[in-house]
$ cat query.cif   # mmCIF, N, CA and C atoms
data_protein
loop_
_atom_site.label_atom_id
_atom_site.label_comp_id
_atom_site.auth_asym_id
_atom_site.auth_seq_id
_atom_site.Cartn_x
_atom_site.Cartn_y
_atom_site.Cartn_z
N VAL A 1 5.55 53.86 46.10
CA VAL A 1 5.80 54.05 44.68
C VAL A 1 5.83 52.68 44.01
N MET A 2 4.95 52.50 43.05
CA MET A 2 4.88 51.23 42.33
C MET A 2 5.98 51.17 41.28
N PRO A 3 6.41 49.96 40.94
CA PRO A 3 7.45 49.81 39.92
C PRO A 3 6.90 50.13 38.53
N PRO A 4 7.79 50.32 37.57
CA PRO A 4 7.35 50.53 36.19
C PRO A 4 6.53 49.32 35.71
N PRO A 5 5.63 49.52 34.76
CA PRO A 5 4.73 48.45 34.30
C PRO A 5 5.43 47.16 33.91
N GLU A 6 6.59 47.25 33.23
CA GLU A 6 7.27 46.01 32.82
C GLU A 6 7.79 45.22 34.01
N LEU A 7 8.27 45.91 35.04
CA LEU A 7 8.73 45.24 36.26
C LEU A 7 7.54 44.69 37.03
N GLU A 8 6.47 45.45 37.08
CA GLU A 8 5.25 44.98 37.76
C GLU A 8 4.75 43.69 37.11
N ALA A 9 4.80 43.61 35.79
CA ALA A 9 4.37 42.40 35.07
C ALA A 9 5.25 41.20 35.45
N GLN A 10 6.56 41.43 35.60
CA GLN A 10 7.46 40.35 36.01
C GLN A 10 7.14 39.90 37.43
N ILE A 11 6.89 40.84 38.31
CA ILE A 11 6.56 40.52 39.71
C ILE A 11 5.28 39.70 39.76
N VAL A 12 4.26 40.13 39.03
CA VAL A 12 2.99 39.41 39.00
C VAL A 12 3.19 38.00 38.44
N ALA A 13 4.01 37.86 37.42
CA ALA A 13 4.27 36.54 36.82
C ALA A 13 4.93 35.60 37.82
N VAL A 14 5.91 36.11 38.57
CA VAL A 14 6.60 35.28 39.56
C VAL A 14 5.65 34.89 40.69
N LEU A 15 4.86 35.84 41.16
CA LEU A 15 3.92 35.55 42.25
C LEU A 15 2.83 34.58 41.81
N SER A 16 2.46 34.61 40.55
CA SER A 16 1.41 33.72 40.06
C SER A 16 1.83 32.26 40.08
N GLU A 17 3.13 32.00 40.21
CA GLU A 17 3.62 30.62 40.28
C GLU A 17 3.31 29.98 41.64
N ARG A 18 2.94 30.80 42.63
CA ARG A 18 2.65 30.28 43.97
C ARG A 18 1.23 29.75 44.02
N ALA A 19 1.06 28.59 44.63
CA ALA A 19 -0.24 27.91 44.62
C ALA A 19 -1.26 28.56 45.55
N ALA A 20 -0.83 29.03 46.70
CA ALA A 20 -1.77 29.54 47.70
C ALA A 20 -1.90 31.06 47.62
N GLU A 21 -3.13 31.54 47.60
CA GLU A 21 -3.38 32.98 47.51
C GLU A 21 -2.66 33.79 48.59
N PRO A 22 -2.62 33.33 49.84
CA PRO A 22 -1.95 34.13 50.87
C PRO A 22 -0.46 34.35 50.61
N ASP A 23 0.13 33.53 49.74
CA ASP A 23 1.56 33.64 49.42
C ASP A 23 1.83 34.58 48.26
N LYS A 24 0.79 35.13 47.66
CA LYS A 24 0.94 35.92 46.44
C LYS A 24 0.90 37.43 46.73
N SER A 25 1.80 37.88 47.59
CA SER A 25 1.81 39.32 47.90
C SER A 25 3.19 39.92 47.66
N TRP A 26 3.19 41.18 47.30
CA TRP A 26 4.40 41.97 47.11
C TRP A 26 4.05 43.39 47.49
N TYR A 27 4.94 44.05 48.21
CA TYR A 27 4.70 45.42 48.65
C TYR A 27 5.85 46.31 48.19
N PRO A 28 5.54 47.52 47.74
CA PRO A 28 6.61 48.44 47.34
C PRO A 28 7.49 48.80 48.53
N ARG A 29 8.70 49.20 48.24
CA ARG A 29 9.65 49.59 49.29
C ARG A 29 9.02 50.65 50.20
N GLY A 30 9.10 50.38 51.52
CA GLY A 30 8.62 51.34 52.50
C GLY A 30 7.13 51.30 52.76
N HIS A 31 6.42 50.34 52.21
CA HIS A 31 4.97 50.23 52.43
C HIS A 31 4.71 50.10 53.93
N GLN A 32 4.00 51.07 54.49
CA GLN A 32 3.87 51.15 55.95
C GLN A 32 3.16 49.95 56.56
N TRP A 33 2.04 49.53 55.99
CA TRP A 33 1.30 48.40 56.55
C TRP A 33 2.17 47.15 56.56
N ALA A 34 2.86 46.89 55.45
CA ALA A 34 3.71 45.71 55.35
C ALA A 34 4.82 45.77 56.39
N MET A 35 5.44 46.92 56.53
CA MET A 35 6.53 47.06 57.49
C MET A 35 6.02 46.86 58.92
N LEU A 36 4.87 47.42 59.24
CA LEU A 36 4.30 47.26 60.58
C LEU A 36 3.97 45.81 60.89
N ASN A 37 3.66 45.04 59.87
CA ASN A 37 3.27 43.64 60.05
C ASN A 37 4.39 42.65 59.74
N GLY A 38 5.60 43.16 59.53
CA GLY A 38 6.76 42.30 59.36
C GLY A 38 6.92 41.67 57.99
N PHE A 39 6.25 42.22 56.98
CA PHE A 39 6.39 41.69 55.63
C PHE A 39 7.51 42.43 54.90
N PRO A 40 8.24 41.74 54.02
CA PRO A 40 9.29 42.42 53.26
C PRO A 40 8.70 43.42 52.27
N THR A 41 9.47 44.42 51.96
CA THR A 41 9.03 45.42 50.97
C THR A 41 10.11 45.61 49.91
N GLY A 42 9.67 45.96 48.71
CA GLY A 42 10.61 46.27 47.64
C GLY A 42 11.43 45.11 47.15
N GLN A 43 10.92 43.89 47.26
CA GLN A 43 11.69 42.74 46.81
C GLN A 43 11.91 42.77 45.30
N SER A 44 13.08 42.33 44.89
CA SER A 44 13.38 42.23 43.46
C SER A 44 12.78 40.94 42.91
N VAL A 45 12.76 40.82 41.61
CA VAL A 45 12.28 39.60 40.97
C VAL A 45 13.14 38.41 41.43
N GLU A 46 14.45 38.62 41.54
CA GLU A 46 15.34 37.55 42.00
C GLU A 46 14.99 37.14 43.44
N ASP A 47 14.71 38.14 44.29
CA ASP A 47 14.29 37.83 45.68
C ASP A 47 13.02 36.98 45.68
N LEU A 48 12.07 37.34 44.83
CA LEU A 48 10.81 36.61 44.78
C LEU A 48 10.99 35.20 44.25
N LEU A 49 11.87 35.01 43.28
CA LEU A 49 12.15 33.67 42.77
C LEU A 49 12.74 32.79 43.86
N ALA A 50 13.68 33.34 44.64
CA ALA A 50 14.25 32.59 45.76
C ALA A 50 13.17 32.28 46.80
N GLU A 51 12.32 33.27 47.05
CA GLU A 51 11.24 33.07 48.01
C GLU A 51 10.25 32.02 47.51
N ASN A 52 10.03 31.95 46.20
CA ASN A 52 9.16 30.91 45.64
C ASN A 52 9.64 29.52 46.05
N ARG A 53 10.94 29.31 45.99
CA ARG A 53 11.49 28.00 46.37
C ARG A 53 11.25 27.73 47.85
N GLU A 54 11.45 28.74 48.68
CA GLU A 54 11.21 28.59 50.12
C GLU A 54 9.73 28.31 50.41
N VAL A 55 8.86 29.06 49.74
CA VAL A 55 7.42 28.87 49.93
C VAL A 55 7.01 27.47 49.51
N ALA A 56 7.52 26.99 48.39
CA ALA A 56 7.18 25.65 47.91
C ALA A 56 7.63 24.58 48.91
N ARG A 57 8.85 24.74 49.45
CA ARG A 57 9.33 23.78 50.46
C ARG A 57 8.46 23.83 51.71
N PHE A 58 8.12 25.03 52.16
CA PHE A 58 7.29 25.18 53.35
C PHE A 58 5.92 24.55 53.15
N ARG A 59 5.27 24.84 52.03
CA ARG A 59 3.93 24.30 51.76
C ARG A 59 3.97 22.77 51.62
N ALA A 60 5.03 22.22 51.01
CA ALA A 60 5.15 20.77 50.89
C ALA A 60 5.30 20.12 52.26
N ALA A 61 6.11 20.73 53.12
CA ALA A 61 6.28 20.20 54.49
C ALA A 61 4.97 20.31 55.26
N GLN A 62 4.26 21.40 55.06
CA GLN A 62 2.97 21.60 55.72
C GLN A 62 1.97 20.53 55.26
N ASP A 63 1.94 20.24 53.97
CA ASP A 63 1.05 19.20 53.44
C ASP A 63 1.39 17.83 54.01
N GLU A 64 2.69 17.52 54.07
CA GLU A 64 3.10 16.23 54.64
C GLU A 64 2.71 16.12 56.11
N ALA A 65 2.86 17.19 56.86
CA ALA A 65 2.47 17.19 58.27
C ALA A 65 0.96 16.97 58.42
N ARG A 66 0.17 17.59 57.55
CA ARG A 66 -1.29 17.39 57.59
C ARG A 66 -1.65 15.94 57.28
N LYS A 67 -1.00 15.37 56.28
CA LYS A 67 -1.25 13.97 55.92
C LYS A 67 -0.91 13.04 57.08
N ALA A 68 0.24 13.29 57.71
CA ALA A 68 0.67 12.46 58.84
C ALA A 68 -0.31 12.59 60.01
N ARG A 69 -0.77 13.81 60.26
CA ARG A 69 -1.72 14.03 61.35
C ARG A 69 -3.03 13.30 61.07
N LEU A 70 -3.52 13.39 59.84
CA LEU A 70 -4.76 12.71 59.48
C LEU A 70 -4.58 11.19 59.58
N ALA A 71 -3.45 10.68 59.11
CA ALA A 71 -3.18 9.23 59.19
C ALA A 71 -3.16 8.79 60.65
N ALA A 72 -2.59 9.60 61.53
CA ALA A 72 -2.55 9.25 62.97
C ALA A 72 -3.95 9.24 63.56
N ILE A 73 -4.77 10.21 63.20
CA ILE A 73 -6.15 10.26 63.71
C ILE A 73 -6.92 9.04 63.22
N LEU A 74 -6.78 8.72 61.94
CA LEU A 74 -7.47 7.55 61.40
C LEU A 74 -6.97 6.26 62.05
N ALA A 75 -5.66 6.19 62.30
CA ALA A 75 -5.10 4.99 62.95
C ALA A 75 -5.70 4.79 64.33
N GLU A 76 -5.97 5.88 65.04
CA GLU A 76 -6.61 5.78 66.37
C GLU A 76 -7.98 5.12 66.27
N HIS A 77 -8.59 5.17 65.10
CA HIS A 77 -9.91 4.59 64.88
C HIS A 77 -9.84 3.30 64.07
N GLY A 78 -8.65 2.73 63.99
CA GLY A 78 -8.48 1.43 63.35
C GLY A 78 -8.40 1.46 61.84
N ILE A 79 -8.11 2.61 61.28
CA ILE A 79 -8.00 2.71 59.82
C ILE A 79 -6.55 2.95 59.46
N GLU A 80 -6.02 2.04 58.64
CA GLU A 80 -4.62 2.17 58.20
C GLU A 80 -4.56 2.91 56.87
N VAL A 81 -3.75 3.95 56.81
CA VAL A 81 -3.55 4.68 55.56
C VAL A 81 -2.22 4.23 54.97
N ARG A 82 -2.28 3.72 53.76
CA ARG A 82 -1.07 3.25 53.08
C ARG A 82 -0.32 4.43 52.46
N PRO A 83 0.97 4.24 52.15
CA PRO A 83 1.77 5.32 51.55
C PRO A 83 1.17 5.90 50.26
N ASP A 84 0.42 5.08 49.51
CA ASP A 84 -0.17 5.58 48.27
C ASP A 84 -1.48 6.33 48.48
N GLY A 85 -1.89 6.46 49.76
CA GLY A 85 -3.10 7.21 50.08
C GLY A 85 -4.35 6.38 50.20
N THR A 86 -4.29 5.11 49.78
CA THR A 86 -5.44 4.25 49.97
C THR A 86 -5.48 3.84 51.44
N PHE A 87 -6.62 3.33 51.84
CA PHE A 87 -6.74 2.97 53.26
C PHE A 87 -7.54 1.68 53.43
N GLU A 88 -7.41 1.14 54.62
CA GLU A 88 -8.10 -0.10 54.95
C GLU A 88 -8.65 0.03 56.36
N GLY A 89 -9.86 -0.38 56.52
CA GLY A 89 -10.50 -0.31 57.83
C GLY A 89 -11.97 0.02 57.68
N VAL A 90 -12.64 0.08 58.80
CA VAL A 90 -14.07 0.36 58.81
C VAL A 90 -14.31 1.64 59.59
N VAL A 91 -15.07 2.52 58.97
CA VAL A 91 -15.39 3.79 59.63
C VAL A 91 -16.62 3.60 60.48
#

$ encode --input "query.cif" --output "structure tokens"
Amino acid sequence: VMPPPELEAQIVAVLSERAAEPDKSWYPRGHQWAMLNGFPTGQSVEDLLAENREVARFRAAQDEARKARLAAILAEHGIEVRPDGTFEGVV
């Protein structure tokens, strides 16, 4: 059962604040596929706002880990990546 249109609009607005498409999902309470796959169902707007903060922290940490991994790979090849993202070395 989908929420009333005004609540659906609020849910869509909150989800649209998320940068990555895979993070922009919401399922009505009891949605079988979501439940079988471990996704929450029937979240309130307040739940989604709290989740937005968690998603933002997770994605930021993920981005930092990717940057660090790339810097390590480049360092193995003699290229130094500075904190500002510029680099020095020969490819």

$ residues_around --input "query.cif" --residues "Val90 (chain A)" --least-positions-apart "4" --cutoff "7 Å" --atoms "all atoms listed in the file" --output "PDB file with N, CA and C atoms, keeping the file's coordinate frame"
ATOM      1  N   HIS A  77      -8.590   5.170  65.100  1.00  0.00           N
ATOM      2  CA  HIS A  77      -9.910   4.590  64.880  1.00  0.00           C
ATOM      3  C   HIS A  77      -9.840   3.300  64.070  1.00  0.00           C
ATOM      4  N   GLY A  78      -8.650   2.730  63.990  1.00  0.00           N
ATOM      5  CA  GLY A  78      -8.480   1.430  63.350  1.00  0.00           C
ATOM      6  C   GLY A  78      -8.400   1.460  61.840  1.00  0.00           C
ATOM      7  N   ILE A  79      -8.110   2.610  61.280  1.00  0.00           N
ATOM      8  CA  ILE A  79      -8.000   2.710  59.820  1.00  0.00           C
ATOM      9  C   ILE A  79      -6.550   2.950  59.460  1.00  0.00           C
ATOM     10  N   GLU A  80      -6.020   2.040  58.640  1.00  0.00           N
ATOM     11  CA  GLU A  80      -4.620   2.170  58.200  1.00  0.00           C
ATOM     12  C   GLU A  80      -4.560   2.910  56.870  1.00  0.00           C
TER      13      GLU A  80
END

$ closest_residue --input "query.cif" --among "A:Glu6, A:Leu70, A:Asp63, A:Ile11" --to "Ser44 (chain A)" --atoms "only N, CA and C atoms"
A:Ile11

$ select_by_dssp --input "query.cif" --residues "chain A" --states "strand (DSSP E or B)" --output "MDAnalysis selection string"
chainID A and resid 80:81 87:88

$ write_last_selection --input "query.cif" --atoms "N, CA and C atoms" --output "PDB file, keeping the file's coordinate frame"
ATOM      1  N   GLU A  80      -6.020   2.040  58.640  1.00  0.00           N
ATOM      2  CA  GLU A  80      -4.620   2.170  58.200  1.00  0.00           C
ATOM      3  C   GLU A  80      -4.560   2.910  56.870  1.00  0.00           C
ATOM      4  N   VAL A  81      -3.750   3.950  56.810  1.00  0.00           N
ATOM      5  CA  VAL A  81      -3.550   4.680  55.560  1.00  0.00           C
ATOM      6  C   VAL A  81      -2.220   4.230  54.970  1.00  0.00           C
ATOM      7  N   PHE A  87      -6.620   3.330  51.840  1.00  0.00           N
ATOM      8  CA  PHE A  87      -6.740   2.970  53.260  1.00  0.00           C
ATOM      9  C   PHE A  87      -7.540   1.680  53.430  1.00  0.00           C
ATOM     10  N   GLU A  88      -7.410   1.140  54.620  1.00  0.00           N
ATOM     11  CA  GLU A  88      -8.100  -0.100  54.950  1.00  0.00           C
ATOM     12  C   GLU A  88      -8.650   0.030  56.360  1.00  0.00           C
TER      13      GLU A  88
END

$ select_by_dssp --input "query.cif" --residues "region 9-89 of chain A" --states "alpha helix (DSSP H)" --output "ChimeraX atom specification"
/A:9-15,32-36,45-76

$ atom_distance --input "query.cif" --atom1 "atom N of Glu8 (chain A)" --atom2 "CA of Pro40 (chain A)"
16.7 Å

$ atom_distance --input "query.cif" --atom1 "CA of Ser16 (chain A)" --atom2 "CA of Val1 (chain A)"
21.3 Å

$ closest_residue --input "query.cif" --among "A:Glu54, A:Tyr27, A:Glu64, A:Pro3" --to "Gly42 (chain A)" --atoms "only C-alpha atoms"
A:Tyr27

$ atom_distance --input "query.cif" --atom1 "atom C of Leu49 (chain A)" --atom2 "atom N of Leu15 (chain A)"
8.9 Å

$ closest_residue --input "query.cif" --among "A:Glu46, A:Val91, A:Glu21, A:Val12" --to "Leu74 (chain A)" --atoms "only C-alpha atoms"
A:Val91

$ closest_residue --input "query.cif" --among "A:Thr86, A:Gln62, A:Gln10, A:Gln43" --to "His31 (chain A)" --atoms "only C-alpha atoms"
A:Gln43

$ closest_residue --input "query.cif" --among "A:Ala68, A:Pro28, A:Gly38, A:Arg18" --to "Asn52 (chain A)" --atoms "only C-alpha atoms"
A:Arg18
